[in-house]
file final.pdb (PDB, C-alpha atoms and all ligand atoms)
ATOM      1  CA  MET A   1      62.275-121.657 145.560
ATOM      2  CA  SER A   2      62.490-125.400 145.621
ATOM      3  CA  GLY A   3      60.211-127.671 147.611
ATOM      4  CA  VAL A   4      57.028-125.654 147.138
ATOM      5  CA  THR A   5      54.232-127.602 145.540
ATOM      6  CA  LEU A   6      51.171-126.070 143.972
ATOM      7  CA  VAL A   7      49.938-129.262 142.338
ATOM      8  CA  GLY A   8      46.153-129.172 141.996
ATOM      9  CA  LYS A   9      45.958-125.372 142.219
ATOM     10  CA  VAL A  10      44.807-123.042 139.482
ATOM     11  CA  ALA A  11      46.466-119.648 139.299
ATOM     12  CA  LEU A  12      45.331-116.605 137.347
ATOM     13  CA  VAL A  13      48.045-114.043 136.645
ATOM     14  CA  THR A  14      46.846-110.775 135.122
ATOM     15  CA  GLY A  15      49.034-108.668 132.866
ATOM     16  CA  ALA A  16      51.106-111.695 131.906
ATOM     17  CA  GLY A  17      51.407-110.824 128.219
ATOM     18  CA  SER A  18      54.750-109.083 128.223
ATOM     19  CA  ALA A  19      57.630-111.484 127.441
ATOM     20  CA  THR A  20      60.012-109.642 129.764
ATOM     21  CA  GLY A  21      57.443-108.617 132.384
ATOM     22  CA  LEU A  22      56.829-109.684 135.943
ATOM     23  CA  GLY A  23      53.567-111.492 135.125
ATOM     24  CA  ASN A  24      55.266-113.906 132.759
ATOM     25  CA  ALA A  25      58.036-114.660 135.289
ATOM     26  CA  ILE A  26      55.452-115.208 138.047
ATOM     27  CA  ALA A  27      53.394-117.499 135.804
ATOM     28  CA  ARG A  28      56.496-119.547 134.977
ATOM     29  CA  ALA A  29      57.450-119.887 138.648
ATOM     30  CA  LEU A  30      53.951-121.014 139.674
ATOM     31  CA  ALA A  31      53.833-123.515 136.810
ATOM     32  CA  THR A  32      57.236-124.909 137.778
ATOM     33  CA  ALA A  33      55.788-125.623 141.223
ATOM     34  CA  GLY A  34      52.974-127.610 139.611
ATOM     35  CA  ALA A  35      50.125-125.109 139.329
ATOM     36  CA  GLU A  36      47.937-124.806 136.279
ATOM     37  CA  VAL A  37      48.462-121.229 135.226
ATOM     38  CA  VAL A  38      46.124-118.958 133.311
ATOM     39  CA  LEU A  39      47.816-115.927 131.804
ATOM     40  CA  GLY A  40      45.389-113.034 131.285
ATOM     41  CA  ASP A  41      46.052-109.827 129.354
ATOM     42  CA  ILE A  42      44.644-107.456 126.763
ATOM     43  CA  ASP A  43      47.665-108.514 124.715
ATOM     44  CA  ILE A  44      46.289-111.854 123.538
ATOM     45  CA  ASP A  45      49.265-112.544 121.256
ATOM     46  CA  GLY A  46      51.604-112.003 124.183
ATOM     47  CA  VAL A  47      49.800-114.336 126.552
ATOM     48  CA  THR A  48      49.394-116.937 123.830
ATOM     49  CA  ARG A  49      53.171-116.908 123.272
ATOM     50  CA  ASN A  50      53.987-116.934 126.999
ATOM     51  CA  ALA A  51      51.486-119.708 127.769
ATOM     52  CA  ALA A  52      52.848-121.831 124.909
ATOM     53  CA  ALA A  53      56.368-121.455 126.323
ATOM     54  CA  ILE A  54      55.116-122.796 129.662
ATOM     55  CA  GLY A  55      53.640-125.845 127.954
ATOM     56  CA  ALA A  56      50.702-127.982 129.080
ATOM     57  CA  ALA A  57      50.339-126.141 132.405
ATOM     58  CA  GLY A  58      49.918-122.750 130.708
ATOM     59  CA  ARG A  59      46.779-121.278 129.226
ATOM     60  CA  ALA A  60      46.123-117.866 127.698
ATOM     61  CA  ILE A  61      43.000-115.785 128.065
ATOM     62  CA  PHE A  62      41.934-112.333 126.938
ATOM     63  CA  MET A  63      41.119-110.116 129.871
ATOM     64  CA  ASP A  64      40.757-106.367 130.226
ATOM     65  CA  VAL A  65      40.868-105.606 133.941
ATOM     66  CA  THR A  66      39.124-102.268 133.399
ATOM     67  CA  ASP A  67      36.080-104.071 132.019
ATOM     68  CA  GLU A  68      34.198-106.099 134.607
ATOM     69  CA  SER A  69      32.248-108.109 132.026
ATOM     70  CA  SER A  70      35.495-109.103 130.304
ATOM     71  CA  VAL A  71      36.970-110.289 133.620
ATOM     72  CA  GLN A  72      33.781-112.130 134.604
ATOM     73  CA  ALA A  73      33.659-113.878 131.217
ATOM     74  CA  ALA A  74      37.307-114.920 131.481
ATOM     75  CA  VAL A  75      36.881-116.276 135.009
ATOM     76  CA  HIS A  76      33.731-118.113 133.953
ATOM     77  CA  GLU A  77      35.719-119.788 131.177
ATOM     78  CA  VAL A  78      38.665-120.618 133.464
ATOM     79  CA  GLY A  79      36.608-122.103 136.309
ATOM     80  CA  PRO A  80      37.689-122.083 139.959
ATOM     81  CA  VAL A  81      40.728-119.922 140.663
ATOM     82  CA  ASP A  82      42.801-120.692 143.779
ATOM     83  CA  ILE A  83      45.580-118.155 143.339
ATOM     84  CA  LEU A  84      45.000-114.674 141.956
ATOM     85  CA  VAL A  85      47.978-112.509 141.094
ATOM     86  CA  ASN A  86      46.872-108.938 140.433
ATOM     87  CA  ASN A  87      49.829-107.872 138.343
ATOM     88  CA  ALA A  88      48.362-105.924 135.384
ATOM     89  CA  GLY A  89      49.536-102.351 135.537
ATOM     90  CA  VAL A  90      50.702 -99.345 133.588
ATOM     91  CA  THR A  91      52.690 -96.276 134.466
ATOM     92  CA  GLN A  92      53.160 -92.730 133.313
ATOM     93  CA  ARG A  93      55.551 -89.970 134.317
ATOM     94  CA  MET A  94      53.836 -86.629 134.526
ATOM     95  CA  PRO A  95      54.122 -83.748 137.003
ATOM     96  CA  ILE A  96      50.923 -83.061 138.964
ATOM     97  CA  TRP A  97      50.405 -79.700 137.277
ATOM     98  CA  GLU A  98      50.294 -81.356 133.878
ATOM     99  CA  LEU A  99      48.390 -84.466 134.904
ATOM    100  CA  SER A 100      44.837 -84.556 133.544
ATOM    101  CA  THR A 101      41.937 -86.080 135.423
ATOM    102  CA  ASP A 102      41.425 -88.412 132.458
ATOM    103  CA  ASP A 103      44.992 -89.723 132.780
ATOM    104  CA  PHE A 104      44.477 -90.075 136.518
ATOM    105  CA  ASP A 105      41.236 -92.040 136.069
ATOM    106  CA  ARG A 106      42.650 -94.239 133.309
ATOM    107  CA  LEU A 107      45.665 -95.304 135.329
ATOM    108  CA  LEU A 108      43.675 -95.888 138.522
ATOM    109  CA  SER A 109      41.115 -97.957 136.624
ATOM    110  CA  ILE A 110      43.855-100.395 135.591
ATOM    111  CA  ASN A 111      46.212-100.394 138.566
ATOM    112  CA  LEU A 112      43.735-100.110 141.431
ATOM    113  CA  ARG A 113      40.150-100.747 140.345
ATOM    114  CA  GLY A 114      41.365-103.548 138.051
ATOM    115  CA  GLY A 115      42.621-105.595 140.980
ATOM    116  CA  PHE A 116      39.355-105.123 142.817
ATOM    117  CA  VAL A 117      37.393-106.229 139.741
ATOM    118  CA  CYS A 118      39.497-109.412 139.494
ATOM    119  CA  LEU A 119      39.163-110.140 143.193
ATOM    120  CA  ARG A 120      35.372-109.715 142.968
ATOM    121  CA  ALA A 121      35.284-112.255 140.160
ATOM    122  CA  VAL A 122      37.061-115.011 142.099
ATOM    123  CA  VAL A 123      36.391-114.333 145.766
ATOM    124  CA  ALA A 124      33.102-116.189 146.187
ATOM    125  CA  GLY A 125      34.664-119.413 144.880
ATOM    126  CA  MET A 126      37.701-119.075 147.156
ATOM    127  CA  MET A 127      35.419-118.467 150.142
ATOM    128  CA  ALA A 128      33.293-121.496 149.306
ATOM    129  CA  ARG A 129      36.396-123.701 148.999
ATOM    130  CA  ARG A 130      37.952-122.151 152.124
ATOM    131  CA  TRP A 131      41.295-121.646 150.432
ATOM    132  CA  GLY A 132      42.763-118.829 148.427
ATOM    133  CA  ARG A 133      45.833-116.744 147.771
ATOM    134  CA  VAL A 134      45.580-113.169 146.561
ATOM    135  CA  ILE A 135      48.836-111.489 145.607
ATOM    136  CA  TRP A 136      48.928-107.829 144.676
ATOM    137  CA  ILE A 137      51.783-106.187 142.829
ATOM    138  CA  SER A 138      52.244-102.789 144.430
ATOM    139  CA  SER A 139      55.477-100.809 144.131
ATOM    140  CA  VAL A 140      58.068 -98.969 146.164
ATOM    141  CA  ALA A 141      56.403 -95.923 144.559
ATOM    142  CA  GLY A 142      53.282 -96.656 146.612
ATOM    143  CA  LYS A 143      55.298 -96.386 149.831
ATOM    144  CA  GLN A 144      57.354 -93.294 149.143
ATOM    145  CA  GLY A 145      55.126 -91.007 147.087
ATOM    146  CA  GLY A 146      56.226 -92.101 143.646
ATOM    147  CA  GLY A 147      59.623 -92.639 142.203
ATOM    148  CA  ILE A 148      61.616 -92.641 139.065
ATOM    149  CA  ILE A 149      59.227 -94.785 137.095
ATOM    150  CA  GLY A 150      55.847 -93.473 138.206
ATOM    151  CA  THR A 151      54.563 -90.157 139.492
ATOM    152  CA  ALA A 152      51.524 -89.035 141.546
ATOM    153  CA  HIS A 153      48.733 -91.120 140.069
ATOM    154  CA  TYR A 154      50.991 -94.185 139.887
ATOM    155  CA  ALA A 155      52.006 -93.682 143.528
ATOM    156  CA  ALA A 156      48.360 -93.212 144.543
ATOM    157  CA  SER A 157      47.318 -96.371 142.703
ATOM    158  CA  LYS A 158      50.077 -98.452 144.301
ATOM    159  CA  ALA A 159      49.368 -97.070 147.787
ATOM    160  CA  GLY A 160      45.705 -97.877 147.164
ATOM    161  CA  VAL A 161      46.668-101.436 146.252
ATOM    162  CA  ILE A 162      48.232-101.813 149.704
ATOM    163  CA  GLY A 163      45.000-100.618 151.338
ATOM    164  CA  LEU A 164      42.919-103.037 149.295
ATOM    165  CA  CYS A 165      45.336-105.875 150.005
ATOM    166  CA  GLN A 166      45.185-105.310 153.738
ATOM    167  CA  ALA A 167      41.395-104.893 153.814
ATOM    168  CA  ALA A 168      41.105-108.174 151.920
ATOM    169  CA  ALA A 169      43.499-109.798 154.421
ATOM    170  CA  ARG A 170      41.259-108.759 157.307
ATOM    171  CA  GLU A 171      37.968-109.720 155.699
ATOM    172  CA  LEU A 172      39.021-112.919 153.946
ATOM    173  CA  GLY A 173      41.377-114.446 156.510
ATOM    174  CA  PRO A 174      38.535-116.258 158.295
ATOM    175  CA  TYR A 175      37.784-118.037 155.002
ATOM    176  CA  GLY A 176      41.283-119.468 154.573
ATOM    177  CA  ILE A 177      42.295-116.795 152.098
ATOM    178  CA  THR A 178      45.513-114.817 152.500
ATOM    179  CA  SER A 179      46.115-111.486 150.809
ATOM    180  CA  ASN A 180      49.627-110.078 150.467
ATOM    181  CA  ALA A 181      51.392-107.501 148.352
ATOM    182  CA  ILE A 182      54.812-107.321 146.790
ATOM    183  CA  ALA A 183      56.408-103.898 146.419
ATOM    184  CA  PRO A 184      59.129-104.207 143.784
ATOM    185  CA  GLY A 185      61.793-101.584 143.374
ATOM    186  CA  PHE A 186      63.563-101.070 140.067
ATOM    187  CA  ILE A 187      63.194-104.243 138.055
ATOM    188  CA  LEU A 188      64.884-104.267 134.679
ATOM    189  CA  THR A 189      62.582-104.723 131.688
ATOM    190  CA  GLY A 190      58.805-104.522 131.600
ATOM    191  CA  ILE A 191      57.205-101.285 132.673
ATOM    192  CA  ALA A 192      60.563 -99.633 133.352
ATOM    193  CA  THR A 193      61.629 -99.965 129.730
ATOM    194  CA  LYS A 194      58.412 -98.304 128.595
ATOM    195  CA  ALA A 195      58.713 -95.414 131.057
ATOM    196  CA  LEU A 196      62.351 -94.569 130.450
ATOM    197  CA  ASP A 197      64.448 -94.023 127.376
ATOM    198  CA  PRO A 198      67.457 -96.370 127.036
ATOM    199  CA  LYS A 199      69.871 -93.714 128.341
ATOM    200  CA  GLN A 200      67.777 -93.039 131.452
ATOM    201  CA  GLU A 201      67.324 -96.756 132.029
ATOM    202  CA  ALA A 202      71.071 -97.415 131.792
ATOM    203  CA  GLU A 203      71.784 -94.514 134.157
ATOM    204  CA  LEU A 204      69.253 -95.756 136.695
ATOM    205  CA  ASP A 205      70.661 -99.263 136.434
ATOM    206  CA  ARG A 206      74.132 -97.872 137.085
ATOM    207  CA  THR A 207      72.973 -95.826 140.074
ATOM    208  CA  ILE A 208      71.147 -98.737 141.676
ATOM    209  CA  SER A 209      74.023-101.114 140.973
ATOM    210  CA  THR A 210      76.391 -98.840 142.866
ATOM    211  CA  THR A 211      74.154 -97.604 145.703
ATOM    212  CA  ALA A 212      71.560-100.285 146.563
ATOM    213  CA  PRO A 213      72.636-102.469 149.498
ATOM    214  CA  VAL A 214      72.674-105.561 147.267
ATOM    215  CA  ARG A 215      74.438-103.653 144.458
ATOM    216  CA  ARG A 216      72.277-104.662 141.524
ATOM    217  CA  SER A 217      68.960-103.907 139.837
ATOM    218  CA  GLY A 218      66.174-106.438 140.166
ATOM    219  CA  VAL A 219      65.175-109.084 137.666
ATOM    220  CA  PRO A 220      61.625-110.436 137.205
ATOM    221  CA  GLU A 221      62.642-113.713 138.867
ATOM    222  CA  ASP A 222      63.277-111.824 142.144
ATOM    223  CA  VAL A 223      59.588-110.892 142.232
ATOM    224  CA  ALA A 224      58.496-114.332 141.009
ATOM    225  CA  SER A 225      60.283-116.045 143.934
ATOM    226  CA  ALA A 226      58.430-113.828 146.404
ATOM    227  CA  ALA A 227      55.104-114.559 144.677
ATOM    228  CA  LEU A 228      55.812-118.282 144.765
ATOM    229  CA  PHE A 229      56.372-118.171 148.512
ATOM    230  CA  LEU A 230      53.210-116.116 149.121
ATOM    231  CA  ALA A 231      51.192-118.574 147.000
ATOM    232  CA  SER A 232      52.457-121.569 148.918
ATOM    233  CA  GLU A 233      50.947-123.556 151.757
ATOM    234  CA  GLU A 234      54.046-122.608 153.739
ATOM    235  CA  ALA A 235      52.872-118.962 153.722
ATOM    236  CA  SER A 236      49.466-119.735 155.252
ATOM    237  CA  TYR A 237      50.244-117.637 158.359
ATOM    238  CA  VAL A 238      51.373-114.602 156.356
ATOM    239  CA  THR A 239      48.658-112.135 155.442
ATOM    240  CA  GLY A 240      48.344-108.367 155.037
ATOM    241  CA  GLU A 241      52.096-108.261 154.446
ATOM    242  CA  VAL A 242      53.765-105.923 151.984
ATOM    243  CA  MET A 243      56.976-107.575 150.926
ATOM    244  CA  ASP A 244      59.686-105.218 149.682
ATOM    245  CA  VAL A 245      61.609-106.756 146.796
ATOM    246  CA  ASN A 246      63.953-103.933 145.985
ATOM    247  CA  GLY A 247      67.526-104.864 146.915
ATOM    248  CA  GLY A 248      67.298-102.625 149.958
ATOM    249  CA  ILE A 249      66.720 -99.260 148.238
ATOM    250  CA  TYR A 250      63.800 -98.709 150.618
ATOM    251  CA  PHE A 251      62.582-100.473 153.729
ATOM    252  CA  ASP A 252      60.460 -99.634 156.755
TER     253      ASP A 252
HETATM  254  N1  LIG B 301      59.201-103.331 136.473
HETATM  255  C1  LIG B 301      59.287-102.595 137.572
HETATM  256  O1  LIG B 301      60.334-101.990 137.849
HETATM  257  C2  LIG B 301      58.119-102.532 138.520
HETATM  258  C3  LIG B 301      58.348-101.950 139.775
HETATM  259  C4  LIG B 301      57.289-101.882 140.673
HETATM  260  C5  LIG B 301      56.044-102.365 140.327
HETATM  261  N2  LIG B 301      55.839-102.899 139.099
HETATM  262  C6  LIG B 301      54.485-103.392 138.804
HETATM  263  O2  LIG B 301      54.557-104.716 138.324
HETATM  264  C7  LIG B 301      53.450-104.970 137.449
HETATM  265  C8  LIG B 301      53.973-105.564 136.158
HETATM  266  O3  LIG B 301      54.865-104.639 135.572
HETATM  267  P1  LIG B 301      55.870-105.028 134.408
HETATM  268  O4  LIG B 301      57.141-104.332 134.692
HETATM  269  O5  LIG B 301      55.897-106.486 134.185
HETATM  270  O6  LIG B 301      55.154-104.275 133.197
HETATM  271  P2  LIG B 301      54.789-104.731 131.706
HETATM  272  O7  LIG B 301      54.429-103.470 131.012
HETATM  273  O8  LIG B 301      55.863-105.578 131.140
HETATM  274  O9  LIG B 301      53.505-105.653 131.915
HETATM  275  C9  LIG B 301      52.255-105.144 132.238
HETATM  276  C10 LIG B 301      51.215-105.934 131.492
HETATM  277  O10 LIG B 301      49.897-105.446 131.883
HETATM  278  C11 LIG B 301      49.089-105.518 130.730
HETATM  279  N3  LIG B 301      47.911-104.666 130.838
HETATM  280  C12 LIG B 301      47.857-103.319 130.700
HETATM  281  N4  LIG B 301      46.576-102.913 130.788
HETATM  282  C13 LIG B 301      45.817-104.010 131.010
HETATM  283  C14 LIG B 301      44.427-104.217 131.172
HETATM  284  N5  LIG B 301      43.548-103.208 131.125
HETATM  285  N6  LIG B 301      43.982-105.473 131.370
HETATM  286  C15 LIG B 301      44.860-106.520 131.393
HETATM  287  N7  LIG B 301      46.186-106.377 131.229
HETATM  288  C16 LIG B 301      46.664-105.139 131.028
HETATM  289  C17 LIG B 301      50.005-105.121 129.589
HETATM  290  O11 LIG B 301      49.491-105.532 128.321
HETATM  291  C18 LIG B 301      51.305-105.817 129.981
HETATM  292  O12 LIG B 301      51.409-107.102 129.406
HETATM  293  C19 LIG B 301      52.730-103.642 137.268
HETATM  294  O13 LIG B 301      51.604-103.599 138.112
HETATM  295  C20 LIG B 301      53.777-102.630 137.709
HETATM  296  O14 LIG B 301      53.192-101.432 138.167
HETATM  297  C21 LIG B 301      56.843-102.999 138.187
END
call {"tool": "encode", "arguments": {"input": "final.pdb", "output": "structure tokens"}}
result
Amino acid sequence: MSGVTLVGKVALVTGAGSATGLGNAIARALATAGAEVVLGDIDIDGVTRNAAAIGAAGRAIFMDVTDESSVQAAVHEVGPVDILVNNAGVTQRMPIWELSTDDFDRLLSINLRGGFVCLRAVVAGMMARRWGRVIWISSVAGKQGGGIIGTAHYAASKAGVIGLCQAAARELGPYGITSNAIAPGFILTGIATKALDPKQEAELDRTISTTAPVRRSGVPEDVASAALFLASEEASYVTGEVMDVNGGIYFD
């Protein structure tokens, strides 16, 4: 998206350690628009590599979103954060009757509680400065009870993200802070590669490429463009929105 400027803004993108993931693509897009971008992840080697590829505007930091003290320490080191992208997430495919409560808790603590922990760490500063952008990465799975990539606990976490996003939109709007979610569909690479074997991934790619209205699977840049818009000044009147970025496989 050309024309957007984020010069003078600091963005924190969580889960930005995967080279092929959405977080890295989002970080690159925000940096291209002029933001200083902090890439946070438990994968410190990954964020170090991705930040170096961005250049002077990129910075890597260790951050475990399940651990509040780790997030607080990282944010303390970073300083004021204007744009928070809650992207860190994992998935698992498991039928309900085989799903353990430990697996349920573990996934929710990353995908849902993790975003809340990050928001808590930055929200007071955004409120004081009367400007902020909070972008949550949900999923089509959170709108339709799961999907190919994630099952019950994943769906619950991503539906929960929408609730948190919209509550934050209501409560933080008066302070100049918008809160919006992106619900990607099937995006090649990243989490999808981990959840599916190569044969399943190729089959899904084929199915989506022949049935989705836009006739292709998504790429990380599709999600990054949406994040860039939501981070921009131009999106200041958009809040509580859940933007489907899925090529039309689902809409409401
Ligand atoms: N790729 C898709 O098709 C798709 C579709 C819908 C939603 N999503 C969502 O997009 C987000 C990014 O997914 P992706 O495809 O880039 O996956 P990915 O696996 O490539 O990246 C996820 C990153 O999160 C990091 N992470 C995991 N646990 C963490 C923790 N405790 N603290 C900090 N970082 C942690 C991982 O190290 C990894 O770098 C996720 O929230 C995912 O649920 C992806």
call {"tool": "residues_near_ligand", "arguments": {"input": "final.pdb", "ligand": "ligand LIG 301 (chain B)", "cutoff": "7 Å", "atoms": "only C-alpha atoms and all ligand atoms", "output": "ChimeraX atom specification"}}
result
/A:14-18,20-23,40-43,63-66,87-91,110-111,137-140,183-192,194
call {"tool": "residues_near_point", "arguments": {"input": "final.pdb", "point": "(45.1, -113.0, 149.5)", "cutoff": "9 Å", "atoms": "all atoms listed in the file", "output": "list in words"}}
result
Ile83, Leu84, Val85, Gly132, Arg133, Val134, Ile135, Trp136, Cys165, Gln166, Ala168, Ala169, Leu172, Gly173, Ile177, Thr178, Ser179, Asn180, Ala181, Leu230, Ala231, Thr239 and Gly240 of chain A
call {"tool": "atom_distance", "arguments": {"input": "final.pdb", "atom1": "CA of Gly163 in chain A", "atom2": "CA of Ala224 in chain A"}}
result
21.8 Å
call {"tool": "residues_around", "arguments": {"input": "final.pdb", "residues": "range 114-122 of chain A", "least_positions_apart": "5", "cutoff": "7 Å", "atoms": "only C-alpha atoms", "output": "list of chain:residue names"}}
result
A:Val65, A:Thr66, A:Glu68, A:Val71, A:Gln72, A:Val75, A:Val81, A:Asn86, A:Ser109
call {"tool": "closest_residue", "arguments": {"input": "final.pdb", "among": "A:Val214, A:Gly34, A:Met127, A:Lys9", "to": "Glu171 in chain A", "atoms": "all atoms listed in the file"}}
result
A:Met127
call {"tool": "atom_distance", "arguments": {"input": "final.pdb", "atom1": "CA of Gly248 in chain A", "atom2": "CA of Pro213 in chain A"}}
result
5.4 Å
call {"tool": "atom_distance", "arguments": {"input": "final.pdb", "atom1": "CA of Leu204 in chain A", "atom2": "CA of Asn246 in chain A"}}
result
13.5 Å
call {"tool": "residues_around", "arguments": {"input": "final.pdb", "residues": "Ala156 in chain A", "least_positions_apart": "3", "cutoff": "9 Å", "atoms": "all atoms listed in the file", "output": "PyMOL selection string"}}
result
chain A and resi 108+112+141-142+145-146+151-153+159-161
call {"tool": "axis_aligned_box", "arguments": {"input": "final.pdb", "around": "range 223-228 of chain A", "padding_each_side": "3 Å", "output": "AutoDock Vina command-line options"}}
result
--center_x 57.7 --center_y -114.6 --center_z 143.7 --size_x 11.2 --size_y 13.4 --size_z 11.4
call {"tool": "residues_around", "arguments": {"input": "final.pdb", "residues": "Gly58 in chain A", "least_positions_apart": "5", "cutoff": "6 Å", "atoms": "all atoms listed in the file", "output": "NGL selection string"}}
result
:A and (37-38 or 51)
call {"tool": "residues_around", "arguments": {"input": "final.pdb", "residues": "Gln92 in chain A", "least_positions_apart": "5", "cutoff": "8 Å", "atoms": "all atoms listed in the file", "output": "count of residues only"}}
result
5
call {"tool": "residues_near_point", "arguments": {"input": "final.pdb", "point": "(60.1, -121.4, 137.5)", "cutoff": "10 Å", "atoms": "only C-alpha atoms", "output": "VMD selection string"}}
result
chain A and resid 1 to 2 25 to 34 54 221 224 to 225 228
call {"tool": "decode", "arguments": {"input": "final.pdb", "residues": "range 197-208 of chain A", "atoms": "N, CA and C atoms", "output": "PDB file, in the first residue's frame"}}
result
ATOM      1  N   ASP A 197       1.039 -32.002   6.461  1.00  0.00           N
ATOM      2  CA  ASP A 197       2.196 -32.572   5.770  1.00  0.00           C
ATOM      3  C   ASP A 197       2.182 -32.027   4.332  1.00  0.00           C
ATOM      4  N   PRO A 198       3.313 -32.138   3.619  1.00  0.00           N
ATOM      5  CA  PRO A 198       3.407 -31.505   2.295  1.00  0.00           C
ATOM      6  C   PRO A 198       2.292 -31.917   1.342  1.00  0.00           C
ATOM      7  N   LYS A 199       1.853 -33.189   1.444  1.00  0.00           N
ATOM      8  CA  LYS A 199       0.794 -33.676   0.549  1.00  0.00           C
ATOM      9  C   LYS A 199      -0.530 -32.967   0.866  1.00  0.00           C
ATOM     10  N   GLN A 200      -0.839 -32.881   2.158  1.00  0.00           N
ATOM     11  CA  GLN A 200      -2.082 -32.208   2.571  1.00  0.00           C
ATOM     12  C   GLN A 200      -2.047 -30.727   2.178  1.00  0.00           C
ATOM     13  N   GLU A 201      -0.861 -30.134   2.364  1.00  0.00           N
ATOM     14  CA  GLU A 201      -0.739 -28.703   2.053  1.00  0.00           C
ATOM     15  C   GLU A 201      -0.954 -28.460   0.553  1.00  0.00           C
ATOM     16  N   ALA A 202      -0.354 -29.325  -0.264  1.00  0.00           N
ATOM     17  CA  ALA A 202      -0.496 -29.179  -1.721  1.00  0.00           C
ATOM     18  C   ALA A 202      -1.954 -29.375  -2.132  1.00  0.00           C
ATOM     19  N   GLU A 203      -2.613 -30.337  -1.487  1.00  0.00           N
ATOM     20  CA  GLU A 203      -4.022 -30.622  -1.819  1.00  0.00           C
ATOM     21  C   GLU A 203      -4.912 -29.433  -1.448  1.00  0.00           C
ATOM     22  N   LEU A 204      -4.647 -28.876  -0.271  1.00  0.00           N
ATOM     23  CA  LEU A 204      -5.432 -27.724   0.181  1.00  0.00           C
ATOM     24  C   LEU A 204      -5.195 -26.525  -0.748  1.00  0.00           C
ATOM     25  N   ASP A 205      -3.952 -26.351  -1.119  1.00  0.00           N
ATOM     26  CA  ASP A 205      -3.604 -25.258  -2.039  1.00  0.00           C
ATOM     27  C   ASP A 205      -4.370 -25.415  -3.355  1.00  0.00           C
ATOM     28  N   ARG A 206      -4.400 -26.658  -3.831  1.00  0.00           N
ATOM     29  CA  ARG A 206      -5.112 -26.947  -5.085  1.00  0.00           C
ATOM     30  C   ARG A 206      -6.608 -26.660  -4.939  1.00  0.00           C
ATOM     31  N   THR A 207      -7.175 -27.107  -3.834  1.00  0.00           N
ATOM     32  CA  THR A 207      -8.621 -26.914  -3.619  1.00  0.00           C
ATOM     33  C   THR A 207      -8.948 -25.426  -3.575  1.00  0.00           C
ATOM     34  N   ILE A 208      -8.167 -24.679  -2.799  1.00  0.00           N
ATOM     35  CA  ILE A 208      -8.458 -23.248  -2.666  1.00  0.00           C
ATOM     36  C   ILE A 208      -8.240 -22.530  -3.995  1.00  0.00           C
TER      37      ILE A 208
END
